[in-house]
Amino acid sequence: MLSLPPKRSSAEKVLTAMQRARDDDANWQAGKTFSLVYYAGDDVSDLLKRAYALFFSENGLNPMAFPSLKKFEAEVIAMTASLLGGDDETVGNLTSGGTESILMAVKTARDWARVHKPRVAAPEMILPLTAHPAFDKAAHYFGVTPIHTPLTSDLRADVSAARAAITPNTILLVGSAPTYPHGVVDPIAELAHIARENEILFHVDACVGGFMLPFVRKLGYPVPDFDFRVPGVTSISVDLHKYAYAAKGASVILHKNRALRRHQYFVYADWLGGIYASPTMCGTRPGGAIAAAWAILNYLGEEGYLAINNTVMRTTTKVRAGINAIPGLKILGDPAMSILAIGSDVLNVYEVGDEMTVRGWQIDRQQFPPSLHLTVTHVHAQSADAFLRDLERAVAKARRLTFHKFANALQVGAVRAASKILPPKLMSDLTARASALFGSGVPARSAAMYGMMASLPNRGDVNELVLDVLDGLTRVEERQKDEG
Ligand SMILES: Cc1ncc(COP(=O)(O)O)c(C=O)c1O
């Protein structure tokens with residue numbers, strides 16, 4: 001068991017160890033990472049760091065103690081609401097991220113239903129299959145049953161399926177703008193209509209798109225209505241630490257009006273430590289994240305976001321064209337902005353992904369159907385050409401691997417058939433030669449892992465395997481023990 005170092009260390013020594021620890025981290029500055037980090041250049045990062053450091057010690061738990069944070073938070077919410085078709089009634093709160101905003105939307109719906117639909121004993125919410133797992137997490141935490149509904153062939157929520165899934169227990173319907181897996185915008189107006197007809201709440205998850213789609217539309221790209229301008233939308237989640245390029249730990253949950261938001265709050269007036277009230281999940285909230293969010297919105301302004309998004313959309317257009325020009329690859333659905341999924345009818349795209357990993361690119365794998373996920377951001381303007389060149393090479397390699405494995409499978413089949421008629425000595429000779437020919441050189445990579453996972457008949461087994469991985473993540477590695 002690792003214990004605290006017995007003695008103090010020097011700041012230099014600690015920082016050197018930390019720098020060394022980063023050696024194998026994803027390379028996002030060079031635009032080789034297509035998820036997790038949203039980087040808009042050093043000027044933006046420098047401002048974020050300075051703003052964060054200025055409010056490094058402050059705590060958003062008690063805004064009365066820090067009127068500065070109260071002002072920042074109120075102004076960030078108002079600017080976000082105005083971007084998303086809000087009006088004087090629209091209210092909201094800052095949260096730590098998309099997941100917390102979504103948790104708050106579901107908690108609001110559950111508590112709203114307790115008051116306005118008291119006959120609902122077992123609340124349900126309707127989630128198109130592409131809805132972010134944060135909704136399933138919220139369902140798990142708050143005792144709401146998730147009802148997953150299918151997609152249409154364009155990978156958007158199937159409106160008739162959503163309608164058919166409504167029961168007297170339904171309290172909330174969800175749509176995404178856009179969906180994380182494929183970047184397509186769900187039919188928000190149609191879903192909102194169903195919600196209104198059935199007098200239930202409707203949440204738009206614009207975590208990834210809320211700070212981009214309004215600018216994409218202004219730049220002249222087609223964007224369907226998705227925000228408070230659509231009658232029936234009662235709440236929207238929008239992350240600032242994604243396409244608003246804020247520091248990590250900043251998202252906004254917006255509600256159509258104050259009465260709805262009341263159901264989000266938590267108050268405990270009888271605590272010995274004083275009256276405790278908290279609008280969101282967290283108690284202590286880092287002042288730095290709130291300050292940095294305010295800083296970036298004011299620094300970039302409409303002009304800055306339009307310029308950044310112009311670059312992002314031009315880069316996306318180039319990347320889409322490049323992918324479509326590579327035989328065997330295709331873009332799934334018709335993405336509305338800069339989130340893309342690369343699929344294939346003929347290749348194992350996980351092999352393509354593995355070949356890209358070998359070349360230093362960090363790209364997420366998706367399933368049902370298999371695809372590779374790209375979040376194109378400002379930084380990819382500089383790496384798009386290199387990305388497309390490597391993608392072409394990766395596809396060529398994956399084609400060879402696919403052929404190689406096919407040949408291998410044929411060979412194994414032939415060996416099995418032969419074993420029925422040939423003497424054992426000759427058989428073992430042949431087997432050794434076959435594996436020397438075909439059995440080596442195909443590394444066990446994510447392609448193999450996804451293949452294995454997909455072949456498990458019981459999804460519960462997959463869950464158990466993943467839980468084991470989570471367990472392992474907090475194990476101290478030998479290497480770390482040796483440091484210092
Ligand atoms: C559409 C959507 N919703 C919710 C989330 C969850 O956000 P977070 O990871 O900040 O909790 C994401 C994250 O990518 C997302 O894309």
# chains A, B, ... in the order shown; residues from 1 in each chain; ligands from 1

call {"tool": "closest_atom_pairs", "arguments": {"of": "stretch 34-57 of chain A", "to": "stretch 367-381 of chain A", "cutoff": "9 Å", "atoms": "only C-alpha atoms", "output": "Markdown table"}}
result
| residue | atom | partner | partner_atom | distance |
| --- | --- | --- | --- | --- |
| A:Phe34 | CA | A:Thr375 | CA | 5.1 |
| A:Ser35 | CA | A:Thr375 | CA | 5.6 |
| A:Leu36 | CA | A:Thr375 | CA | 8.6 |
| A:Val37 | CA | A:Thr377 | CA | 8.8 |
| A:Tyr38 | CA | A:Thr377 | CA | 6.4 |
| A:Tyr39 | CA | A:Val379 | CA | 6.0 |
| A:Ala40 | CA | A:His378 | CA | 5.4 |
| A:Gly41 | CA | A:Val379 | CA | 7.1 |

call {"tool": "closest_atom_pairs", "arguments": {"of": "stretch 69-156 of chain A", "to": "stretch 278-296 of chain A", "cutoff": "10 Å", "atoms": "only C-alpha atoms", "output": "JSON lines"}}
result
{"residue": "A:Leu69", "atom": "CA", "partner": "A:Gly287", "partner_atom": "CA", "distance": 6.7}
{"residue": "A:Lys70", "atom": "CA", "partner": "A:Ile290", "partner_atom": "CA", "distance": 9.2}
{"residue": "A:Lys71", "atom": "CA", "partner": "A:Trp294", "partner_atom": "CA", "distance": 9.3}
{"residue": "A:Phe72", "atom": "CA", "partner": "A:Trp294", "partner_atom": "CA", "distance": 5.6}
{"residue": "A:Glu73", "atom": "CA", "partner": "A:Ile290", "partner_atom": "CA", "distance": 6.4}
{"residue": "A:Ala74", "atom": "CA", "partner": "A:Trp294", "partner_atom": "CA", "distance": 9.6}
{"residue": "A:Glu75", "atom": "CA", "partner": "A:Trp294", "partner_atom": "CA", "distance": 7.5}
{"residue": "A:Val76", "atom": "CA", "partner": "A:Trp294", "partner_atom": "CA", "distance": 5.8}
{"residue": "A:Ile77", "atom": "CA", "partner": "A:Trp294", "partner_atom": "CA", "distance": 9.5}
{"residue": "A:Met79", "atom": "CA", "partner": "A:Trp294", "partner_atom": "CA", "distance": 9.7}
{"residue": "A:Gly92", "atom": "CA", "partner": "A:Pro279", "partner_atom": "CA", "distance": 9.6}
{"residue": "A:Asn93", "atom": "CA", "partner": "A:Pro279", "partner_atom": "CA", "distance": 7.4}
{"residue": "A:Leu94", "atom": "CA", "partner": "A:Ile290", "partner_atom": "CA", "distance": 7.7}
{"residue": "A:Thr95", "atom": "CA", "partner": "A:Thr280", "partner_atom": "CA", "distance": 6.8}
{"residue": "A:Ser96", "atom": "CA", "partner": "A:Arg285", "partner_atom": "CA", "distance": 7.9}
{"residue": "A:Glu100", "atom": "CA", "partner": "A:Met281", "partner_atom": "CA", "distance": 6.8}
{"residue": "A:Ser101", "atom": "CA", "partner": "A:Thr280", "partner_atom": "CA", "distance": 8.3}
{"residue": "A:Leu103", "atom": "CA", "partner": "A:Met281", "partner_atom": "CA", "distance": 8.1}
{"residue": "A:Met104", "atom": "CA", "partner": "A:Thr280", "partner_atom": "CA", "distance": 6.7}
{"residue": "A:Lys107", "atom": "CA", "partner": "A:Thr280", "partner_atom": "CA", "distance": 9.9}

call {"tool": "closest_atom_pairs", "arguments": {"of": "chain A", "to": "ligand 1", "cutoff": "7 Å", "atoms": "only C-alpha atoms and all ligand atoms", "output": "Markdown table"}}
result
| residue | atom | partner | partner_atom_place_in_ligand_line | distance |
| --- | --- | --- | --- | --- |
| A:Gly97 | CA | ligand 1 | 10 (O) | 3.9 |
| A:Gly98 | CA | ligand 1 | 7 (O) | 3.4 |
| A:Thr99 | CA | ligand 1 | 11 (O) | 3.5 |
| A:Glu100 | CA | ligand 1 | 11 (O) | 6.4 |
| A:His132 | CA | ligand 1 | 3 (N) | 5.0 |
| A:Ala134 | CA | ligand 1 | 6 (C) | 6.3 |
| A:Ser176 | CA | ligand 1 | 1 (C) | 6.3 |
| A:Pro178 | CA | ligand 1 | 1 (C) | 6.5 |
| A:Thr179 | CA | ligand 1 | 1 (C) | 5.3 |
| A:Tyr180 | CA | ligand 1 | 16 (O) | 4.4 |
| A:Asp205 | CA | ligand 1 | 1 (C) | 5.7 |
| A:Ala206 | CA | ligand 1 | 1 (C) | 6.0 |
| A:Cys207 | CA | ligand 1 | 2 (C) | 4.7 |
| A:Val208 | CA | ligand 1 | 16 (O) | 4.6 |
| A:Asp239 | CA | ligand 1 | 10 (O) | 6.5 |

call {"tool": "residues_around", "arguments": {"residues": "A:Ala81", "least_positions_apart": "3", "cutoff": "8 Å", "atoms": "only C-alpha atoms", "output": "ChimeraX atom specification"}}
result
/A:77-78,84-87,90-91,254

call {"tool": "closest_residue", "arguments": {"among": "A:Leu470, A:Gly353, A:Gly183, A:Asp227", "to": "A:Met337", "atoms": "only C-alpha atoms"}}
result
A:Gly183

call {"tool": "select_by_dssp", "arguments": {"residues": "stretch 229-456 of chain A", "states": "alpha helix (DSSP H)", "output": "JSON, numbers by chain"}}
result
{"A": [258, 259, 260, 261, 287, 288, 289, 290, 291, 292, 293, 294, 295, 296, 297, 298, 299, 300, 301, 302, 303, 304, 305, 306, 307, 308, 309, 310, 311, 312, 313, 314, 315, 316, 317, 318, 319, 320, 321, 322, 323, 324, 349, 350, 351, 352, 353, 354, 355, 356, 357, 358, 384, 385, 386, 387, 388, 389, 390, 391, 392, 393, 394, 395, 396, 397, 398, 399, 400, 401, 402, 403, 404, 405, 406, 407, 408, 409, 410, 411, 412, 413, 414, 415, 416, 417, 418, 419, 424, 425, 426, 427, 428, 429, 430, 431, 432, 433, 434, 446, 447, 448, 449, 450, 451, 452, 453, 454, 455]}
